[in-house]
Each structure stands twice: as C-alpha cells, then as structure tokens.
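Structure file final.cif; described as mmCIF, C-alpha atoms.
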data_upload
loop_
_atom_site.label_atom_id
_atom_site.label_comp_id
_atom_site.auth_asym_id
_atom_site.auth_seq_id
_atom_site.Cartn_x
_atom_site.Cartn_y
_atom_site.Cartn_z
CA MET A 1 -16.99 32.17 -58.33
CA ALA A 2 -13.51 33.00 -57.29
CA PHE A 3 -10.50 33.70 -59.38
CA LYS A 4 -6.89 32.97 -58.67
CA GLY A 5 -4.42 35.27 -60.30
CA GLN A 6 -0.75 35.22 -61.13
CA ILE A 7 1.40 38.12 -62.22
CA VAL A 8 4.71 38.10 -64.06
CA ILE A 9 6.89 41.13 -63.36
CA ASP A 10 9.66 42.21 -65.71
CA THR A 11 11.88 43.14 -62.75
CA GLU A 12 14.74 44.46 -64.92
CA HIS A 13 12.46 47.13 -66.42
CA CYS A 14 10.63 48.00 -63.18
CA LYS A 15 11.46 51.45 -61.79
CA GLY A 16 10.10 50.85 -58.28
CA CYS A 17 7.68 53.80 -58.32
CA GLY A 18 5.24 51.97 -56.02
CA VAL A 19 2.08 53.07 -57.84
CA CYS A 20 1.03 49.41 -58.23
CA LEU A 21 1.35 48.86 -54.46
CA ALA A 22 -1.19 51.62 -53.85
CA ALA A 23 -3.53 50.25 -56.55
CA CYS A 24 -3.56 46.58 -55.41
CA PRO A 25 -6.82 45.81 -53.54
CA MET A 26 -5.40 42.62 -51.96
CA GLN A 27 -2.02 44.01 -50.78
CA CYS A 28 -0.12 41.34 -52.69
CA LEU A 29 2.81 43.53 -53.72
CA GLU A 30 5.84 45.00 -52.02
CA LEU A 31 9.09 46.64 -53.05
CA SER A 32 12.01 44.25 -52.91
CA LYS A 33 14.99 44.99 -50.69
CA ASN A 34 17.18 43.97 -53.62
CA VAL A 35 17.81 46.22 -56.59
CA ASN A 36 17.78 45.52 -60.33
CA GLY A 37 20.44 46.46 -62.88
CA LYS A 38 19.38 50.11 -62.84
CA GLY A 39 19.46 50.32 -59.04
CA TYR A 40 15.71 50.42 -58.45
CA ASN A 41 13.96 48.42 -55.72
CA TYR A 42 11.69 46.43 -57.99
CA THR A 43 8.16 45.19 -57.21
CA GLN A 44 7.61 41.59 -56.13
CA THR A 45 4.66 39.53 -54.93
CA VAL A 46 4.43 38.97 -51.20
CA ASN A 47 1.52 36.48 -50.90
CA ASP A 48 -0.82 34.42 -53.07
CA LYS A 49 -4.00 36.44 -52.51
CA CYS A 50 -3.91 37.79 -56.07
CA ILE A 51 -7.32 37.70 -57.80
CA GLY A 52 -6.09 38.70 -61.25
CA CYS A 53 -7.92 42.06 -61.34
CA ALA A 54 -5.07 43.70 -63.31
CA SER A 55 -5.26 46.93 -61.29
CA CYS A 56 -1.48 46.90 -60.90
CA ALA A 57 -0.97 46.43 -64.64
CA MET A 58 -3.47 49.23 -65.41
CA VAL A 59 -1.52 51.87 -63.47
CA CYS A 60 2.02 50.65 -64.25
CA PRO A 61 3.70 53.44 -66.24
CA ASP A 62 6.23 51.08 -67.77
CA GLY A 63 3.93 48.15 -68.53
CA VAL A 64 6.17 45.63 -66.78
CA ILE A 65 3.34 43.60 -65.23
CA SER A 66 1.52 40.80 -67.08
CA VAL A 67 -1.58 39.37 -65.41
CA TYR A 68 -3.04 35.87 -65.71
CA LYS A 69 -6.02 34.34 -63.94
CA LYS A 70 -8.06 31.15 -63.72
CA GLN A 71 -11.28 30.12 -62.06
CA CYS A 72 -11.02 28.01 -58.94
CA MET B 73 14.52 37.94 -64.81
CA ALA B 74 15.83 37.93 -68.32
CA ASN B 75 13.45 38.24 -71.26
CA THR B 76 13.55 34.53 -72.08
CA ASP B 77 12.71 33.62 -68.45
CA ILE B 78 9.68 35.93 -68.55
CA GLU B 79 8.38 34.39 -71.78
CA ALA B 80 8.93 30.89 -70.34
CA ARG B 81 7.05 31.81 -67.14
CA LYS B 82 4.13 33.22 -69.18
CA GLN B 83 3.97 30.04 -71.27
CA GLU B 84 4.07 27.93 -68.12
CA LEU B 85 1.08 29.81 -66.67
CA LEU B 86 -0.88 29.37 -69.92
CA ASN B 87 -0.13 25.63 -69.81
CA GLN B 88 -1.46 25.49 -66.24
CA GLY B 89 -4.87 26.69 -67.46
CA TYR B 90 -4.49 30.39 -66.75
CA THR B 91 -5.89 32.89 -69.22
CA GLU B 92 -4.13 36.11 -70.07
CA VAL B 93 -5.79 39.20 -68.57
CA TYR B 94 -3.22 41.80 -69.46
CA THR B 95 0.18 41.99 -71.08
CA ARG B 96 2.27 44.78 -72.56
CA THR B 97 1.16 45.64 -76.09
CA LYS B 98 3.46 44.98 -79.05
CA VAL B 99 2.85 48.50 -80.41
CA LEU B 100 5.25 49.73 -77.73
CA THR B 101 8.88 48.95 -78.49
CA ASP B 102 11.13 47.16 -76.02
CA ALA B 103 13.04 50.38 -75.28
CA VAL B 104 13.01 51.40 -71.61
CA MET B 105 11.21 54.73 -71.27
CA HIS B 106 13.37 57.55 -69.93
CA TYR B 107 10.53 58.99 -67.82
CA CYS B 108 10.92 59.34 -64.06
CA PRO B 109 9.50 56.44 -62.00
CA GLY B 110 5.72 56.83 -61.64
CA CYS B 111 5.31 59.46 -64.37
CA GLY B 112 1.91 59.63 -66.07
CA HIS B 113 3.60 59.87 -69.48
CA GLY B 114 4.40 56.15 -69.39
CA THR B 115 0.79 55.23 -68.66
CA THR B 116 -0.49 57.56 -71.37
CA HIS B 117 1.97 56.08 -73.91
CA ARG B 118 0.71 52.64 -73.00
CA LEU B 119 -2.93 53.65 -73.44
CA VAL B 120 -2.33 55.20 -76.86
CA ALA B 121 -0.42 52.10 -77.95
CA GLU B 122 -3.16 49.79 -76.66
CA VAL B 123 -5.84 51.76 -78.53
CA ILE B 124 -3.81 51.54 -81.75
CA ASP B 125 -3.36 47.81 -81.16
CA GLU B 126 -7.07 47.18 -80.48
CA MET B 127 -8.20 49.17 -83.50
CA GLY B 128 -5.70 47.32 -85.71
CA ILE B 129 -4.43 50.52 -87.32
CA GLN B 130 -0.73 50.23 -86.51
CA ASP B 131 0.31 50.63 -90.16
CA GLN B 132 -1.96 53.66 -90.73
CA VAL B 133 -0.98 55.77 -87.73
CA VAL B 134 1.35 58.77 -87.87
CA GLY B 135 2.27 60.35 -84.56
CA VAL B 136 3.76 63.77 -83.99
CA SER B 137 6.01 64.17 -80.99
CA PRO B 138 6.60 67.51 -79.28
CA VAL B 139 9.43 69.17 -77.42
CA GLY B 140 9.35 68.52 -73.71
CA CYS B 141 9.55 65.39 -71.57
CA SER B 142 7.91 63.36 -74.34
CA VAL B 143 10.37 64.55 -77.02
CA LEU B 144 11.62 60.97 -77.45
CA ALA B 145 8.12 59.47 -77.85
CA TYR B 146 9.11 58.17 -81.30
CA ASN B 147 11.48 55.71 -79.61
CA TYR B 148 8.66 54.02 -77.74
CA PHE B 149 5.89 53.62 -80.34
CA ASP B 150 6.27 51.12 -83.15
CA VAL B 151 4.40 53.41 -85.59
CA ASP B 152 5.44 56.17 -88.01
CA PHE B 153 6.47 59.30 -86.19
CA GLN B 154 7.48 62.84 -86.99
CA GLU B 155 9.23 65.23 -84.62
CA ALA B 156 7.82 68.77 -84.63
CA ALA B 157 9.46 72.06 -83.69
CA HIS B 158 8.54 73.33 -80.23
CA GLY B 159 4.76 73.83 -80.09
CA ARG B 160 4.19 73.28 -83.82
CA ALA B 161 2.85 69.71 -83.63
CA PRO B 162 -0.75 70.66 -84.62
CA ALA B 163 0.54 72.50 -87.71
CA LEU B 164 2.64 69.52 -88.75
CA ALA B 165 -0.24 67.13 -88.04
CA THR B 166 -2.49 69.31 -90.23
CA ALA B 167 -0.12 68.86 -93.16
CA ILE B 168 0.25 65.11 -92.62
CA LYS B 169 -3.52 64.61 -92.41
CA ARG B 170 -4.29 66.77 -95.47
CA LEU B 171 -1.66 65.06 -97.61
CA ASN B 172 -2.58 61.55 -96.40
CA PRO B 173 -6.30 61.68 -95.56
CA ASP B 174 -6.50 57.94 -94.89
CA THR B 175 -3.98 57.96 -92.06
CA PHE B 176 -4.78 58.36 -88.38
CA VAL B 177 -2.76 61.32 -87.12
CA PHE B 178 -2.23 62.16 -83.48
CA THR B 179 -0.12 64.72 -81.66
CA TYR B 180 1.26 64.02 -78.22
CA GLN B 181 2.09 67.20 -76.33
CA GLY B 182 2.77 68.51 -72.85
CA ASP B 183 1.50 71.69 -71.27
CA GLY B 184 4.63 73.73 -71.97
CA ASP B 185 4.46 72.75 -75.64
CA LEU B 186 0.72 72.92 -76.31
CA ALA B 187 -0.40 75.68 -73.92
CA ALA B 188 2.61 78.02 -73.95
CA ILE B 189 4.69 78.26 -77.12
CA GLY B 190 2.16 76.37 -79.24
CA THR B 191 -1.00 78.23 -78.20
CA ALA B 192 -1.47 79.82 -81.63
CA GLU B 193 -1.03 76.54 -83.51
CA THR B 194 -3.33 74.73 -81.08
CA ILE B 195 -6.13 77.27 -81.25
CA HIS B 196 -5.99 77.62 -85.03
CA ALA B 197 -5.82 73.87 -85.67
CA CYS B 198 -8.86 73.47 -83.37
CA ASN B 199 -10.65 76.35 -85.04
CA ARG B 200 -10.04 74.92 -88.52
CA GLY B 201 -11.46 71.62 -87.33
CA GLU B 202 -8.66 69.42 -88.62
CA ASN B 203 -9.51 65.71 -88.38
CA ILE B 204 -6.70 64.87 -86.00
CA THR B 205 -6.43 63.65 -82.41
CA MET B 206 -4.55 65.74 -79.89
CA ILE B 207 -3.31 64.13 -76.67
CA PHE B 208 -2.40 66.81 -74.11
CA VAL B 209 -0.56 65.74 -70.96
CA ASN B 210 -0.98 68.39 -68.26
CA ASN B 211 1.21 68.26 -65.16
CA GLY B 212 1.21 71.97 -64.36
CA ILE B 213 4.95 72.42 -64.70
CA TYR B 214 7.85 72.35 -67.15
CA GLY B 215 9.16 68.95 -66.11
CA MET B 216 12.04 68.41 -68.54
CA THR B 217 13.89 71.66 -67.87
CA GLY B 218 13.73 71.44 -64.09
CA GLY B 219 10.25 72.34 -62.86
CA GLN B 220 9.74 75.95 -63.95
CA MET B 221 6.32 77.63 -63.95
CA ALA B 222 4.10 76.72 -66.90
CA PRO B 223 0.88 78.48 -68.00
CA THR B 224 -1.05 75.69 -66.29
CA THR B 225 0.72 76.02 -62.91
CA LEU B 226 -1.88 76.49 -60.16
CA ILE B 227 -2.18 79.66 -58.10
CA GLY B 228 0.00 79.20 -55.01
CA MET B 229 1.85 76.23 -56.51
CA LYS B 230 5.60 76.25 -55.99
CA SER B 231 7.96 75.76 -58.91
CA ALA B 232 11.60 76.60 -59.65
CA THR B 233 10.67 80.07 -60.95
CA THR B 234 7.88 80.70 -58.40
CA PRO B 235 9.54 79.52 -55.15
CA TYR B 236 6.92 81.25 -52.94
CA GLY B 237 3.99 80.02 -55.03
CA ARG B 238 2.41 81.42 -58.21
CA ARG B 239 0.98 84.90 -57.62
CA VAL B 240 -1.89 86.28 -59.67
CA ASP B 241 -0.55 89.86 -59.62
CA LEU B 242 2.83 88.75 -61.00
CA ASN B 243 2.13 85.65 -63.05
CA GLY B 244 -1.54 85.79 -64.00
CA TYR B 245 -4.07 82.96 -63.91
CA PRO B 246 -3.68 79.27 -64.84
CA LEU B 247 -4.66 78.68 -68.45
CA ARG B 248 -7.53 76.21 -68.93
CA ILE B 249 -6.79 75.56 -72.57
CA THR B 250 -9.19 72.60 -72.77
CA GLU B 251 -12.20 74.71 -71.77
CA LEU B 252 -10.92 77.44 -74.08
CA ILE B 253 -10.83 75.27 -77.18
CA SER B 254 -14.12 73.54 -76.30
CA THR B 255 -15.88 76.79 -77.24
CA LEU B 256 -14.44 76.67 -80.79
CA PRO B 257 -16.78 75.26 -83.47
CA GLY B 258 -14.04 73.13 -85.06
CA THR B 259 -13.67 70.75 -82.13
CA TYR B 260 -15.83 67.61 -82.13
CA TYR B 261 -14.76 65.87 -78.92
CA VAL B 262 -13.07 67.56 -75.95
CA THR B 263 -12.42 65.76 -72.69
CA ARG B 264 -10.20 65.82 -69.62
CA GLN B 265 -9.09 62.57 -68.01
CA SER B 266 -6.44 61.41 -65.53
CA VAL B 267 -4.30 58.30 -65.06
CA GLN B 268 -3.68 57.93 -61.31
CA THR B 269 -6.01 55.00 -60.44
CA PRO B 270 -7.09 51.85 -62.34
CA ALA B 271 -10.61 53.27 -62.82
CA ALA B 272 -9.28 56.58 -64.15
CA VAL B 273 -6.92 54.74 -66.51
CA ARG B 274 -9.82 52.73 -67.98
CA LYS B 275 -11.85 55.91 -68.53
CA ALA B 276 -8.87 57.64 -70.11
CA LYS B 277 -8.40 54.69 -72.45
CA ALA B 278 -12.06 54.84 -73.51
CA ALA B 279 -11.64 58.57 -74.21
CA ILE B 280 -8.51 58.02 -76.32
CA ARG B 281 -10.31 55.24 -78.21
CA LYS B 282 -13.22 57.58 -78.97
CA ALA B 283 -10.79 60.30 -80.07
CA PHE B 284 -9.19 57.94 -82.60
CA GLU B 285 -12.55 56.55 -83.79
CA ASN B 286 -13.73 60.13 -84.44
CA GLN B 287 -11.08 60.56 -87.15
CA LYS B 288 -13.13 58.20 -89.35
CA LEU B 289 -16.15 60.55 -89.10
CA LYS B 290 -14.22 63.59 -90.44
CA LYS B 291 -16.27 65.99 -88.33
CA GLY B 292 -13.55 67.83 -86.46
CA LEU B 293 -10.74 67.71 -84.00
CA SER B 294 -10.68 65.40 -80.97
CA PHE B 295 -8.81 66.68 -77.94
CA VAL B 296 -7.95 64.57 -74.88
CA GLU B 297 -6.31 66.24 -71.90
CA ILE B 298 -4.66 63.82 -69.47
CA LEU B 299 -3.90 65.11 -65.97
CA SER B 300 -0.57 63.68 -64.92
CA ASN B 301 1.68 63.92 -61.91
CA CYS B 302 5.23 65.28 -62.08
CA ASN B 303 6.73 63.74 -58.98
CA SER B 304 10.27 64.98 -59.57
CA GLY B 305 9.10 68.51 -60.46
CA TRP B 306 6.72 68.63 -57.52
CA LYS B 307 9.35 67.07 -55.20
CA MET B 308 7.12 64.21 -54.00
CA THR B 309 7.03 60.42 -54.20
CA PRO B 310 4.85 59.09 -57.06
CA VAL B 311 2.06 58.00 -54.70
CA GLN B 312 2.10 61.35 -52.84
CA ALA B 313 2.10 63.18 -56.17
CA ASN B 314 -0.98 61.26 -57.33
CA LYS B 315 -2.74 62.19 -54.07
CA TRP B 316 -1.69 65.84 -54.41
CA MET B 317 -2.99 65.83 -57.97
CA GLU B 318 -6.40 64.54 -56.82
CA ASP B 319 -6.58 67.14 -54.01
CA ASN B 320 -5.29 70.19 -55.87
CA MET B 321 -5.21 69.75 -59.65
CA MET B 322 -8.70 68.26 -59.96
CA PRO B 323 -10.61 71.18 -58.31
CA ASN B 324 -8.86 73.49 -60.80
CA TYR B 325 -9.10 71.13 -63.75
CA PRO B 326 -12.37 69.15 -63.34
CA VAL B 327 -12.17 65.69 -64.89
CA GLY B 328 -14.80 64.60 -67.41
CA ASP B 329 -16.16 65.14 -70.90
CA ILE B 330 -16.54 68.80 -71.90
CA LYS B 331 -17.76 68.44 -75.48
CA VAL B 332 -19.13 65.23 -76.99
CA ASP B 333 -20.18 64.81 -80.65
CA GLY B 334 -19.84 68.54 -81.28
CA LYS B 335 -22.08 69.62 -78.38
CA LEU B 336 -21.02 71.04 -75.02
CA VAL B 337 -21.96 68.68 -72.17
CA ASP B 338 -24.81 70.18 -70.13
CA ASN B 339 -23.38 69.87 -66.63
CA VAL B 340 -20.05 71.54 -67.46
CA ASP B 341 -20.21 75.23 -66.64
CA VAL B 342 -17.48 76.77 -68.76
CA ALA B 343 -18.57 80.25 -67.66
CA ARG B 344 -18.05 79.42 -63.97
CA LEU B 345 -14.58 78.09 -64.68
CA ALA B 346 -13.72 81.39 -66.34
CA VAL B 347 -13.88 83.19 -62.98
CA ASP B 348 -13.30 80.48 -60.37
CA HIS B 349 -9.64 79.82 -59.55
CA PRO B 350 -9.17 78.08 -56.15
CA LEU B 351 -5.95 78.85 -54.27
CA THR B 352 -3.51 75.96 -53.80
CA VAL B 353 -1.13 75.82 -50.85
CA MET B 354 1.93 73.69 -51.52
CA GLN B 355 4.18 72.60 -48.65
#
Hey, can you dump this file as structure tokens for me?
Amino acid sequence: MAFKGQIVIDTEHCKGCGVCLAACPMQCLELSKNVNGKGYNYTQTVNDKCIGCASCAMVCPDGVISVYKKQC
Amino acid sequence: MANTDIEARKQELLNQGYTEVYTRTKVLTDAVMHYCPGCGHGTTHRLVAEVIDEMGIQDQVVGVSPVGCSVLAYNYFDVDFQEAAHGRAPALATAIKRLNPDTFVFTYQGDGDLAAIGTAETIHACNRGENITMIFVNNGIYGMTGGQMAPTTLIGMKSATTPYGRRVDLNGYPLRITELISTLPGTYYVTRQSVQTPAAVRKAKAAIRKAFENQKLKKGLSFVEILSNCNSGWKMTPVQANKWMEDNMMPNYPVGDIKVDGKLVDNVDVARLAVDHPLTVMQ
C-alpha cells in the first residue's frame, strides 16, 4: 500500500529556515533561488516522491505547509 | 502564492481524491510570527494551538504571556490572553484560575522569565499546586535582548556576557528548574520535551495535551519544559542549532517525563542530576 502525497506551501509566509528540508525522508524539498516578499528563500518541492508523511509540516515553526495524501 | 490561490489549490487537491493530513490550525491567527526563522517558539505555539483546537476548548482558554521573545504571544493565539509583568505569569495565572475555575489557564514563558526573575513566583505557584498548565521554553540564553547569559546557560557555553564560555567559579551552575519543581508536592505532571524532529514534536504535543487534560482533574500543576534552539543567539543556522541542541543541551537537560500523575518516574535520577554538570565546548 503506497501513498502519494502533495504539499501546499504558503510561500509568502515561509521564512526559509530549512528545518523541513532536514526532516523530509524523501528529499522532496529545496530552498528556492527566488525570494518572497520578505526576502527569504522559500521552500519548494523538487520532485514528486512525496509520501504525505507530514514530517515537514510537523517541524515547520510557522505552519506554512499543508499536507494531503491519497492511496495509489 | 496569495491566500486565495492557496485555498483554491487545497480545494483542487481535495477534489482529486486527496485527504487532508495536516493543515495550520484556526486557533492560530493569520499574523506572521516575529520569531527568527527556525525558532522553536513557532513550533511550540503551533502545538499549544493544535491541542486547544483538538480539545475544543478555544472559548474557555485564558493564556498568560511573559516578557521575553514570546512577549507578543497574544497576537498569534485566537484565545483570551493576558500580559504579565516580567516573571509574574504564574501569579497572574493563579488569580485567573481561582476567579474563573472553569477556564483552562496556561502560562507560556521562556527561561529568562520563568527561571530568573520569576523563580519565586514559579516555585510558589508549583508548591501551592495551582491547577494551571505552565509551558516553559528553554533555549539556554536571553534571546530577545541579544543573547546574554541566562540561568540555564550551559557550563562553557558562549553568550554575549560570557564570551569565553560560562565559568562555574564566576557564574555558578546551570539551573535545572524542572527537576527542582518536580520535587515539590504541588506538581502533578512534570516533563521535558523538545521540538527539533517530527518524532520529538509529536511527543511534545502529547505532553502538552496531557498537561491541559490534567486541569480537569484539579490535582495540581502541570509543567512542560520544551527545549528549543536559539539560532540567532547561538550564531548558527537553524539546522546546525538543532544538532547542537541534541549534542549539548540534551546531556544537561535529559528529555522525558520526570513526574507523572503525582509520582516521580522511577528511571529519572534527580539526585544524580544535582551533582552532574557536563562541560560544553562551543566553537
């Protein structure tokens, strides 16, 4: 039973701390080269390996990540 | 992405057959937190808000915010809040709880507030066994004022006022206030948790949930210490600071339950911690 996950990142409120990158077991996240309105390099997804484990959302200090998953 | 785009994207995923695993709780307001990137305060705020949301007690909660980094906590929680004078949050929480016994009262304090200027209020509130919840965020430094030495600063740890590291002969020993108050008869639940990994966050949330549930029992005070990083005060990146915390803070401040349901946990040796202070070397 495998799960496919999707995350929605509120990039305007992301502070680019990178804690979610260290927590992701599938290495799906990276810091963008672009910056948001506050000048932070926000987090973005880099591949579609996400399994919807919500580890990134658990450690995010600003709660900018929403996680969704479905069975496939 | 603007707010409307985010909501539209979430709805689109739900329509595609996805189920929601996690989203930001509505008990937190939309205000952007002023904390440094990667600070454990944000995670702790989120956990407290999620516990309030899950217990369905949003309209019965009164929080007390301290002086320190979390002085503006009332901006971020969508619950009733009262600002206390520096260190006096437990005294204020005592009054709120005694006048409104049906409310859930919690204080949210840092180590400079709870363990330095507010030591007397903390110890006496714990000794009286007030039915409140105390959340204590320990990062071993005065973060808001620029990284000065706090009572909880480790031996050898560098700060703005101890540039060569904390020395025992000059500055004394780190204060383990959580072990100290666990020996008081008024406390019902005393624990130390951390928020640097997903597993630790889940455990910390369970501890905060238990601390709020205990208020219904009216058996004493529940105290949750959260070990947090202070990446700007420690002069590290957030990920490095979390690693440094695991390597150096945790040997000094062992994570886990200390007192559960009014009884000291067997495998916690409070007497050993009274004499054992490992030296920390900070680059």
Residues selected by the PyMOL selection byres ((chain A and resi 25-36) around 10), written as a VMD selection string: (chain A and resid 11 to 18 20 to 24 37 to 51 53 55 to 56) or (chain B and resid 73)
Hits from the PyMOL selection byres ((chain A) within 6 of (chain B)), listed as an mmCIF file with C-alpha atoms, in the frame of the given file:
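Below is the file that was written, part00.cif:
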data_model
loop_
_atom_site.group_PDB
_atom_site.id
_atom_site.type_symbol
_atom_site.label_atom_id
_atom_site.label_comp_id
_atom_site.auth_asym_id
_atom_site.auth_seq_id
_atom_site.Cartn_x
_atom_site.Cartn_y
_atom_site.Cartn_z
ATOM 1 C CA LYS A 15 11.460 51.450 -61.790
ATOM 2 C CA CYS A 17 7.680 53.800 -58.320
ATOM 3 C CA VAL A 19 2.080 53.070 -57.840
ATOM 4 C CA SER A 55 -5.260 46.930 -61.290
ATOM 5 C CA MET A 58 -3.470 49.230 -65.410
ATOM 6 C CA VAL A 59 -1.520 51.870 -63.470
ATOM 7 C CA PRO A 61 3.700 53.440 -66.240
ATOM 8 C CA ASP A 62 6.230 51.080 -67.770
ATOM 9 C CA GLY A 63 3.930 48.150 -68.530
ATOM 10 C CA SER A 66 1.520 40.800 -67.080
ATOM 11 C CA VAL A 67 -1.580 39.370 -65.410
ATOM 12 C CA TYR A 68 -3.040 35.870 -65.710
ATOM 13 C CA LYS A 69 -6.020 34.340 -63.940
ATOM 14 C CA LYS A 70 -8.060 31.150 -63.720
#
Quick one: residues within 7 Å of Asp333 of chain B, all atoms listed in the file counted, chain neighbours fewer than 2 positions away excluded, as a PyMOL selection string? chain B and resi 260-261+331+335
Point-to-point distance from atom CA of Ile129 of chain B to atom CA of Cys198 of chain B, Å rounded to tenths: 23.7 Å
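Atom CA of Glu122 of chain B to atom CA of Trp306 of chain B spans 28.6 Å [interatomic distance, one decimal].
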Taking the file as shown, what set of residues would the PyMOL selection byres ((chain B and resi 149) around 10) give back, as a list in words?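 So the PyMOL selection byres ((chain B and resi 149) around 10) ends up selecting Lys98, Val99, Leu100, Thr101, Asp102, Ala103, His117, Arg118, Val120, Ala121, Gln130, Gly135, Leu144, Ala145, Tyr146, Asn147, Tyr148, Asp150, Val151, Asp152 and Phe153 of chain B.
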Any idea what the distance is between atom CA of Gly201 of chain B and atom CA of Gly292 of chain B?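 Separation of atom CA of Gly201 of chain B and atom CA of Gly292 of chain B: 4.4 Å.
Once all atoms listed in the file are considered, the residues situated within 6 Å of the file point (-4.2, 70.2, -80.5) turn out to be Pro162, Thr194 and Met206 of chain B.
With all atoms listed in the file as the atoms that count, the residue of B:Pro350, B:Pro173, B:Gly334, B:Gly184 with the shortest distance to Gly258 of chain B is B:Gly334.
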